[in-house]
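Have a look at protein-v9.cif; it's mmCIF, C-alpha atoms:
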```
data_run
#
loop_
_atom_site.label_atom_id
_atom_site.label_comp_id
_atom_site.auth_asym_id
_atom_site.auth_seq_id
_atom_site.Cartn_x
_atom_site.Cartn_y
_atom_site.Cartn_z
CA MET D 1 102.83 123.66 98.62
CA ASP D 2 105.69 124.97 100.75
CA ASN D 3 106.16 121.30 101.73
CA ALA D 4 105.73 119.86 98.22
CA ASN D 5 107.85 116.72 98.05
CA HIS D 6 107.67 115.42 94.46
CA SER D 7 109.38 116.85 91.37
CA ARG D 8 107.60 117.10 88.05
CA LYS D 9 109.74 116.58 84.97
CA LYS D 10 109.89 117.44 81.29
CA PRO D 11 108.36 114.75 79.03
CA PRO D 12 111.11 112.77 77.23
CA GLN D 13 109.23 113.24 73.93
CA PRO D 14 107.03 116.14 72.76
CA VAL D 15 103.28 115.66 73.17
CA PRO D 16 102.29 114.50 69.64
CA ILE D 17 99.61 117.07 68.78
CA SER D 18 99.74 120.61 67.45
CA GLY D 19 99.61 123.82 69.48
CA VAL D 20 101.19 122.58 72.72
CA THR D 21 102.28 125.55 74.85
CA GLY D 22 103.56 123.68 77.90
CA SER D 23 103.74 120.18 79.38
CA PHE D 24 105.13 118.08 82.20
CA GLN D 25 105.14 114.55 83.58
CA PHE D 26 104.91 113.31 87.14
CA ASP D 27 108.01 111.74 88.68
CA ASP D 28 109.09 108.27 87.55
CA THR D 29 107.28 106.49 90.38
CA ASP D 30 103.92 108.14 89.64
CA ASN D 31 104.42 107.98 85.88
CA LYS D 32 104.87 104.19 85.98
CA ASP D 33 102.46 103.34 88.83
CA CYS D 34 99.92 100.73 87.63
CA THR D 35 97.73 101.09 90.74
CA ASN D 36 97.04 104.86 90.55
CA TYR D 37 95.52 106.63 87.54
CA PRO D 38 95.22 110.38 86.85
CA GLN D 39 91.78 111.42 85.56
CA GLY D 40 90.45 114.95 86.08
CA ILE D 41 92.17 118.30 85.64
CA THR D 42 91.45 121.86 86.75
CA THR D 43 93.60 124.89 87.56
CA SER D 44 93.76 127.81 89.93
CA ARG D 45 92.52 129.95 87.02
CA ASP D 46 89.25 128.07 87.34
CA ALA D 47 89.25 128.89 91.04
CA VAL D 48 90.04 132.61 90.96
CA ASP D 49 89.81 133.66 87.28
CA THR D 50 92.75 135.66 85.90
CA ALA D 51 93.34 137.84 88.99
CA ASP D 52 96.98 137.91 90.17
CA ASN D 53 97.97 135.74 87.19
CA GLY D 54 95.52 133.06 88.26
CA THR D 55 97.16 132.39 91.64
CA TYR D 56 95.40 130.80 94.62
CA ASP D 57 97.00 131.72 97.94
CA GLY D 58 100.10 132.86 96.07
CA HIS D 59 100.49 129.82 93.82
CA GLN D 60 99.54 129.19 90.22
CA LEU D 61 98.44 125.56 90.35
CA VAL D 62 97.38 122.65 88.20
CA LEU D 63 95.18 120.19 90.11
CA VAL D 64 94.78 116.57 88.98
CA SER D 65 92.43 113.96 90.45
CA TRP D 66 93.42 110.27 90.72
CA TYR D 67 91.83 106.98 91.68
CA THR D 68 93.57 103.95 93.20
CA ARG D 69 93.09 100.29 92.25
CA ALA D 70 93.42 97.36 94.64
CA SER D 71 96.33 96.07 92.54
CA CYS D 72 97.73 96.25 89.03
CA THR D 73 95.40 93.42 87.98
CA ASP D 74 92.42 94.13 90.27
CA LYS D 75 90.49 97.22 89.06
CA THR D 76 88.48 97.57 92.30
CA GLN D 77 88.63 101.25 93.33
CA THR D 78 90.01 101.64 96.84
CA ARG D 79 90.67 105.37 97.34
CA SER D 80 90.95 108.78 95.63
CA ARG D 81 93.42 111.65 95.82
CA ILE D 82 94.39 114.94 94.23
CA THR D 83 97.79 116.24 93.15
CA LEU D 84 98.57 119.95 93.45
CA VAL D 85 101.30 121.01 91.01
CA ASP D 86 103.08 124.38 91.01
CA TRP D 87 102.95 125.92 87.54
CA ASP D 88 104.84 129.14 88.09
CA ALA D 89 108.42 130.06 87.27
CA THR D 90 108.91 131.72 90.65
CA TYR D 91 108.37 128.44 92.53
CA PRO D 92 110.16 125.07 92.34
CA ASP D 93 108.75 122.51 89.90
CA LYS D 94 107.14 120.58 92.73
CA TYR D 95 103.87 118.84 93.52
CA ARG D 96 102.09 117.40 96.55
CA LYS D 97 99.58 114.56 96.95
CA VAL D 98 96.51 115.01 99.16
CA LEU D 99 94.20 112.11 100.06
CA LEU D 100 90.44 112.65 99.68
CA VAL D 101 88.49 111.39 102.69
CA GLU D 102 84.95 111.22 104.01
CA PRO D 103 84.35 112.34 107.62
CA THR D 104 83.01 109.72 110.06
CA GLY D 105 83.02 109.26 113.84
CA THR D 106 81.50 111.66 116.36
CA THR D 107 82.00 115.23 117.49
CA SER D 108 84.11 114.06 120.42
CA ALA D 109 85.99 111.45 118.37
CA PRO D 110 86.07 112.61 114.74
CA ASP D 111 87.34 110.14 112.18
CA PHE D 112 87.55 109.69 108.39
CA ARG D 113 87.64 106.94 105.77
CA ASP D 114 88.63 106.51 102.14
CA ILE D 115 86.50 107.75 99.26
CA THR D 116 86.28 104.98 96.68
CA VAL D 117 85.18 106.88 93.56
CA HIS D 118 86.67 106.91 90.06
CA ALA D 119 87.36 110.68 90.37
CA GLY D 120 86.96 110.89 86.60
CA GLY D 121 86.50 114.65 86.53
CA VAL D 122 87.26 117.63 88.77
CA ALA D 123 86.36 121.33 88.80
CA TRP D 124 87.68 124.05 91.12
CA TYR D 125 85.56 127.15 91.71
CA GLY D 126 86.39 129.62 94.47
CA ASN D 127 87.36 127.50 97.47
CA TYR D 128 85.25 124.53 96.43
CA LEU D 129 86.43 121.43 94.63
CA TYR D 130 83.88 119.27 92.80
CA VAL D 131 84.83 115.66 92.03
CA ALA D 132 82.78 113.42 89.74
CA ASP D 133 81.09 110.44 91.43
CA THR D 134 80.24 108.29 88.41
CA GLY D 135 76.76 106.93 89.17
CA ARG D 136 75.56 109.62 91.56
CA GLY D 137 76.80 113.14 90.90
CA MET D 138 79.65 114.89 92.67
CA ARG D 139 81.55 114.94 95.95
CA VAL D 140 82.31 118.44 97.26
CA PHE D 141 85.44 119.58 99.13
CA ASP D 142 86.57 122.88 100.64
CA LEU D 143 90.25 123.65 100.04
CA ARG D 144 90.35 125.84 103.16
CA LYS D 145 89.95 122.64 105.19
CA ILE D 146 93.07 120.66 104.25
CA LEU D 147 94.22 118.78 107.37
CA LYS D 148 97.73 117.68 108.30
CA THR D 149 98.07 114.03 109.30
CA ASP D 150 100.84 111.83 110.67
CA PRO D 151 102.63 110.23 107.69
CA GLY D 152 103.72 107.32 109.88
CA GLY D 153 102.09 103.96 110.49
CA ASN D 154 101.78 101.34 107.79
CA PRO D 155 100.34 101.89 104.29
CA GLY D 156 97.04 100.24 105.20
CA GLN D 157 96.20 102.47 108.18
CA ILE D 158 93.72 105.32 107.85
CA GLY D 159 91.82 107.50 110.30
CA ARG D 160 91.86 108.06 114.03
CA GLN D 161 94.51 106.18 116.00
CA SER D 162 94.24 108.28 119.18
CA ALA D 163 93.01 111.71 120.26
CA THR D 164 96.14 113.28 118.76
CA LYS D 165 97.17 110.89 115.98
CA TYR D 166 95.57 110.33 112.59
CA TYR D 167 97.01 108.22 109.75
CA ALA D 168 96.17 108.38 106.05
CA HIS D 169 98.07 105.62 104.20
CA ASN D 170 101.31 107.56 104.88
CA TYR D 171 99.93 110.75 103.28
CA ALA D 172 100.82 113.94 105.16
CA TYR D 173 97.60 115.74 104.17
CA VAL D 174 93.93 114.88 103.74
CA LEU D 175 91.03 116.86 102.29
CA PRO D 176 87.68 115.95 103.92
CA GLN D 177 84.43 115.95 101.99
CA VAL D 178 81.97 118.70 102.98
CA GLY D 179 78.97 117.75 100.84
CA THR D 180 77.50 115.86 97.91
CA VAL D 181 75.54 116.73 94.79
CA THR D 182 73.17 114.08 93.42
CA SER D 183 71.28 114.20 90.14
CA ASN D 184 67.96 113.01 88.76
CA THR D 185 66.58 112.81 85.25
CA THR D 186 63.12 112.15 83.81
CA ALA D 187 64.79 109.83 81.27
CA GLU D 188 65.05 106.15 82.12
CA ASP D 189 68.87 106.24 82.21
CA LYS D 190 70.54 108.04 85.10
CA LEU D 191 73.39 110.41 84.32
CA VAL D 192 76.84 108.86 84.19
CA TRP D 193 79.13 111.52 85.66
CA SER D 194 82.29 110.63 83.75
CA SER D 195 83.93 114.05 83.50
CA ILE D 196 83.20 117.58 84.70
CA SER D 197 84.56 121.02 83.89
CA LEU D 198 83.95 124.64 84.88
CA ASP D 199 82.59 127.22 82.42
CA ARG D 200 83.55 130.49 84.07
CA ALA D 201 82.04 132.55 81.25
CA THR D 202 78.52 131.37 82.10
CA LYS D 203 79.14 130.48 85.77
CA SER D 204 78.15 126.88 85.28
CA LEU D 205 79.52 123.37 85.56
CA VAL D 206 79.27 120.95 82.64
CA MET D 207 79.36 117.17 82.77
CA ASN D 208 79.55 114.51 80.09
CA GLU D 209 79.00 110.77 80.00
CA TYR D 210 81.37 107.98 78.94
CA THR D 211 79.33 105.49 76.92
CA CYS D 212 79.92 102.95 74.14
CA LYS D 213 78.20 102.32 70.83
CA SER D 214 78.16 98.63 71.75
CA GLY D 215 80.15 95.99 73.59
CA CYS D 216 80.77 97.75 76.93
CA ARG D 217 80.19 95.87 80.20
CA ASP D 218 80.95 98.58 82.75
CA TYR D 219 79.42 101.54 80.88
CA PRO D 220 76.12 102.13 79.04
CA ASN D 221 75.78 101.17 75.38
CA ARG D 222 73.91 104.23 74.10
CA ALA D 223 74.49 107.77 72.90
CA PRO D 224 76.17 109.96 75.55
CA ARG D 225 74.83 113.23 76.95
CA ALA D 226 76.42 116.47 78.09
CA VAL D 227 74.58 118.63 80.62
CA ARG D 228 75.13 122.14 81.99
CA PHE D 229 74.21 123.07 85.59
CA PRO D 230 74.25 126.75 86.67
CA PHE D 231 75.72 127.83 89.98
CA ALA D 232 73.59 129.85 92.37
CA PRO D 233 73.72 133.60 91.61
CA SER D 234 76.85 135.30 93.00
CA SER D 235 78.06 131.99 94.45
CA THR D 236 80.60 129.25 93.83
CA ALA D 237 78.11 126.67 95.14
CA PHE D 238 74.82 125.30 93.83
CA ALA D 239 71.36 126.18 95.06
CA ALA D 240 69.62 123.50 97.13
CA ASN D 241 67.76 122.42 93.98
CA THR D 242 69.14 123.20 90.53
CA THR D 243 67.66 122.50 87.09
CA ALA D 244 69.96 121.91 84.14
CA GLY D 245 70.29 124.92 81.86
CA GLN D 246 71.30 122.93 78.76
CA ALA D 247 71.43 119.29 77.68
CA LEU D 248 72.96 117.78 74.54
CA GLN D 249 72.82 114.31 73.04
CA LEU D 250 76.14 113.59 71.36
CA PRO D 251 77.13 111.50 68.31
CA TRP D 252 80.56 110.52 69.68
CA TYR D 253 81.51 107.74 72.08
CA LYS D 254 84.08 106.90 74.78
CA LEU D 255 84.27 110.52 75.89
CA ASN D 256 86.75 110.85 78.75
CA GLY D 257 86.67 114.64 78.83
CA GLY D 258 84.47 117.59 78.05
CA ALA D 259 84.67 121.36 78.45
CA SER D 260 82.60 124.38 77.48
CA HIS D 261 83.17 128.12 77.30
CA ASN D 262 80.70 130.72 76.08
CA GLY D 263 78.55 128.33 74.06
CA ARG D 264 81.46 126.35 72.59
CA TRP D 265 82.11 122.71 73.51
CA TRP D 266 85.10 120.34 73.33
CA PHE D 267 84.96 116.55 73.84
CA ASN D 268 87.90 114.15 74.03
CA SER D 269 87.27 110.63 72.74
CA SER D 270 89.86 108.20 74.07
CA GLY D 271 88.44 105.57 71.70
CA ASP D 272 88.85 107.69 68.56
CA HIS D 273 91.95 109.67 69.63
CA LYS D 274 90.02 112.76 68.55
CA LEU D 275 89.12 116.11 70.08
CA TYR D 276 85.65 117.10 68.89
CA TYR D 277 84.59 120.75 68.79
CA TRP D 278 80.97 121.89 68.54
CA ALA D 279 79.11 125.20 68.59
CA ALA D 280 75.46 125.70 67.66
CA ALA D 281 76.25 128.38 65.09
CA THR D 282 79.01 126.55 63.23
CA GLY D 283 78.50 122.83 63.83
CA SER D 284 81.27 120.35 64.62
CA LYS D 285 84.86 119.70 63.68
CA SER D 286 87.36 117.04 64.77
CA TYR D 287 91.09 117.21 65.44
CA PRO D 288 93.78 114.55 66.04
CA TRP D 289 94.29 114.07 69.78
CA VAL D 290 96.43 112.07 72.18
CA SER D 291 96.01 108.41 73.16
CA SER D 292 94.60 107.61 76.62
CA GLY D 293 93.37 111.21 76.88
CA GLU D 294 91.37 112.25 79.91
CA SER D 295 89.58 115.40 81.16
CA ILE D 296 89.77 118.92 79.72
CA SER D 297 89.88 122.29 81.48
CA TYR D 298 89.46 125.67 79.80
CA GLY D 299 92.02 128.24 81.00
CA GLU D 300 91.23 131.94 80.59
CA ASP D 301 94.00 134.55 80.34
CA GLU D 302 93.81 138.34 80.35
CA THR D 303 96.88 139.04 78.22
CA LYS D 304 97.75 135.75 76.48
CA PRO D 305 95.71 133.30 74.37
CA ASP D 306 93.30 131.09 76.29
CA LEU D 307 94.33 127.45 76.79
CA LEU D 308 92.86 123.97 76.95
CA TRP D 309 94.49 121.83 79.63
CA SER D 310 94.38 118.03 79.43
CA LEU D 311 96.32 114.89 80.40
CA GLN D 312 97.02 111.25 79.57
CA GLU D 313 96.46 108.37 81.98
CA GLY D 314 98.53 105.67 80.26
CA VAL D 315 101.18 104.06 82.45
CA GLY D 316 104.61 105.42 81.49
CA ASN D 317 103.16 108.21 79.34
CA ARG D 318 101.38 110.54 81.77
CA ASN D 319 101.74 113.90 80.10
CA VAL D 320 99.91 116.92 81.48
CA PHE D 321 99.75 119.59 78.79
CA ALA D 322 98.13 122.78 77.51
CA VAL D 323 97.27 123.79 73.95
CA GLY D 324 96.08 127.09 72.52
CA GLN D 325 92.30 126.78 72.33
CA ALA D 326 92.12 128.94 69.18
CA GLY D 327 93.69 126.11 67.19
CA TYR D 328 90.86 123.76 68.26
CA SER D 329 87.86 126.04 67.84
CA GLY D 330 86.42 125.31 64.39
#
```
Can you dump the structure from the file as structure tokens?
Amino acid sequence: MDNANHSRKKPPQPVPISGVTGSFQFDDTDNKDCTNYPQGITTSRDAVDTADNGTYDGHQLVLVSWYTRASCTDKTQTRSRITLVDWDATYPDKYRKVLLVEPTGTTSAPDFRDITVHAGGVAWYGNYLYVADTGRGMRVFDLRKILKTDPGGNPGQIGRQSATKYYAHNYAYVLPQVGTVTSNTTAEDKLVWSSISLDRATKSLVMNEYTCKSGCRDYPNRAPRAVRFPFAPSSTAFAANTTAGQALQLPWYKLNGGASHNGRWWFNSSGDHKLYYWAAATGSKSYPWVSSGESISYGEDETKPDLLWSLQEGVGNRNVFAVGQAGYSG
């Protein structure tokens, strides 16, 4: 972050929902880029809780996951990245892009390649970053292992060029994968890992599916599910084998984001432009929400009201914003 090289900016128009406590947009190039799309969101408060004002290594950060298309008209996924954004008045309003890569090669000649996942959801817990891998589960990364690469070469070059030179599509930093999490279900339909979020209150990770009532080609046409997976005791990682602690079948569709905290759930429907709230004791309620909405992250705070962080993926309107969760809690 000391070498962050992009400037976030204030949205030209207010985010059109109630309770917004803060917002920003990416720079003009990223805001209007039709080949890269922001998807998941998490914060350093997920990583470290509220200690030291939610700072990780001295920075209070918002982390956004992105996927890259082959072109503006070709939706083939070609790579994935994260953006680390300073969200602290004592630092410049800067952000940095880091390419996600999968290690290859040998011990004597290590190498890496692109990770071609949708990166629809992301959760940060301790030093570990979990990224949704739609049909399988999650890719796992360790933020202590960010590597510096040579930003030279041409945009198509990636990986080992020599014993001392590594390229990464002109990125200056890469984050290598350290593991995977795969899932199984006794139901006929496998889980569609559309979005993920951390529930710090119960030390668990929740996922939800993007499905359609009918008419979808790339996604299932059935009711979606949301599932909670507990972390191993006193750990920010999962046990070798983990059984879901909770599973819900949902009545809403086209859910791009979901979050949970202490038995309460929130789901963003990009199709309905609604944020749905549900708790077992009180039932459900819906609220007007943004267009092209994506993932949700619950932000705890020791002294101020807790927040819900979210973002929009639409080209030219990529707002990242926070709202007071109390106004969306039934």
* To do: Step by step, work through what the PyMOL selection byres ((chain D and resi 12) around 10) selects in the shown file, and finish by giving those residues as number ranges by chain.
  => D: 9-11, 13-15, 24-25, 317, 319
Translate the PyMOL selection byres ((chain D and resi 167-171) around 8) into a concrete residue list for this structure, as a compact mmCIF listing (two decimals) with C-alpha atoms, in the coordinates of the input.
```
# COMPACT_ATOMS: atom_id res chain seq x y z
CA LYS D 97 99.58 114.56 96.95
CA VAL D 98 96.51 115.01 99.16
CA LEU D 99 94.20 112.11 100.06
CA THR D 149 98.07 114.03 109.30
CA ASP D 150 100.84 111.83 110.67
CA PRO D 151 102.63 110.23 107.69
CA GLY D 152 103.72 107.32 109.88
CA GLY D 153 102.09 103.96 110.49
CA ASN D 154 101.78 101.34 107.79
CA PRO D 155 100.34 101.89 104.29
CA GLY D 156 97.04 100.24 105.20
CA GLN D 157 96.20 102.47 108.18
CA ILE D 158 93.72 105.32 107.85
CA GLY D 159 91.82 107.50 110.30
CA ARG D 160 91.86 108.06 114.03
CA GLN D 161 94.51 106.18 116.00
CA LYS D 165 97.17 110.89 115.98
CA TYR D 166 95.57 110.33 112.59
CA ALA D 172 100.82 113.94 105.16
CA TYR D 173 97.60 115.74 104.17
CA VAL D 174 93.93 114.88 103.74
```
* Just how far from atom CA of Asn184 of chain D is atom CA of Phe229 of chain D, in Å to one decimal? ->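 About the pair atom CA of Phe229 of chain D and atom CA of Asn184 of chain D: they are 12.3 Å apart.
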Considering only C-alpha atoms, tabulate each residue of segment 242-270 of chain D that lies at most 12 Å from segment 30-48 of chain D along with its nearest interatomic pair and the corresponding distance in Å to one decimal; arrange the rows by chain and ascending residue number and present them as JSON lines.
```
{"residue": "D:Asn256", "atom": "CA", "partner": "D:Gln39", "partner_atom": "CA", "distance": 8.5}
{"residue": "D:Gly257", "atom": "CA", "partner": "D:Gly40", "partner_atom": "CA", "distance": 8.2}
{"residue": "D:Gly258", "atom": "CA", "partner": "D:Gly40", "partner_atom": "CA", "distance": 10.4}
{"residue": "D:Ala259", "atom": "CA", "partner": "D:Thr42", "partner_atom": "CA", "distance": 10.7}
{"residue": "D:His261", "atom": "CA", "partner": "D:Asp46", "partner_atom": "CA", "distance": 11.7}
```
* Determine the nearest neighbour of Glu302 of chain D from the options D:Asp49, D:Ser183, D:Asp27, D:Arg8, counting only C-alpha atoms. =>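 The shortest atom-to-atom distance to Glu302 of chain D comes from D:Asp49.
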* Given the file shown, enumerate the residues that the PyMOL selection byres ((chain D and resi 248) around 9) captures and present them as a list of chain:residue names. =>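 In the shown coordinates, the PyMOL selection byres ((chain D and resi 248) around 9) covers D:Pro224, D:Arg225, D:Ala226, D:Val227, D:Arg228, D:Gln246, D:Ala247, D:Gln249, D:Leu250.
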* From the set D:Ser269, D:Ser23, D:Thr116, D:Thr134, which residue has the shortest atom-to-atom contact distance to Val181 of chain D, counting only C-alpha atoms? ->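 Under the stated criterion, the closest residue is D:Thr134.
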* Asked: Can you tell me how far atom CA of Gln77 of chain D sits from atom CA of Cys216 of chain D, in Å to one decimal?
  -> 18.5 Å
* atom CA of Leu307 of chain D to atom CA of Gln325 of chain D: how many Å, to one decimal? ->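 So the answer is 4.9 Å.
Shell of Gly271 of chain D at 8 Å, with all atoms listed in the file counted and residues fewer than 4 places along the chain excluded, is Tyr253, Lys254 and Leu255 of chain D.
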Only C-alpha atoms, please: the residues just picked out, written as a CSV table (one decimal), in the coordinates of the input.
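As written to disk, again26.csv reads:
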```csv
chain,number,residue,atom,x,y,z
D,253,TYR,CA,81.5,107.7,72.1
D,254,LYS,CA,84.1,106.9,74.8
D,255,LEU,CA,84.3,110.5,75.9
```
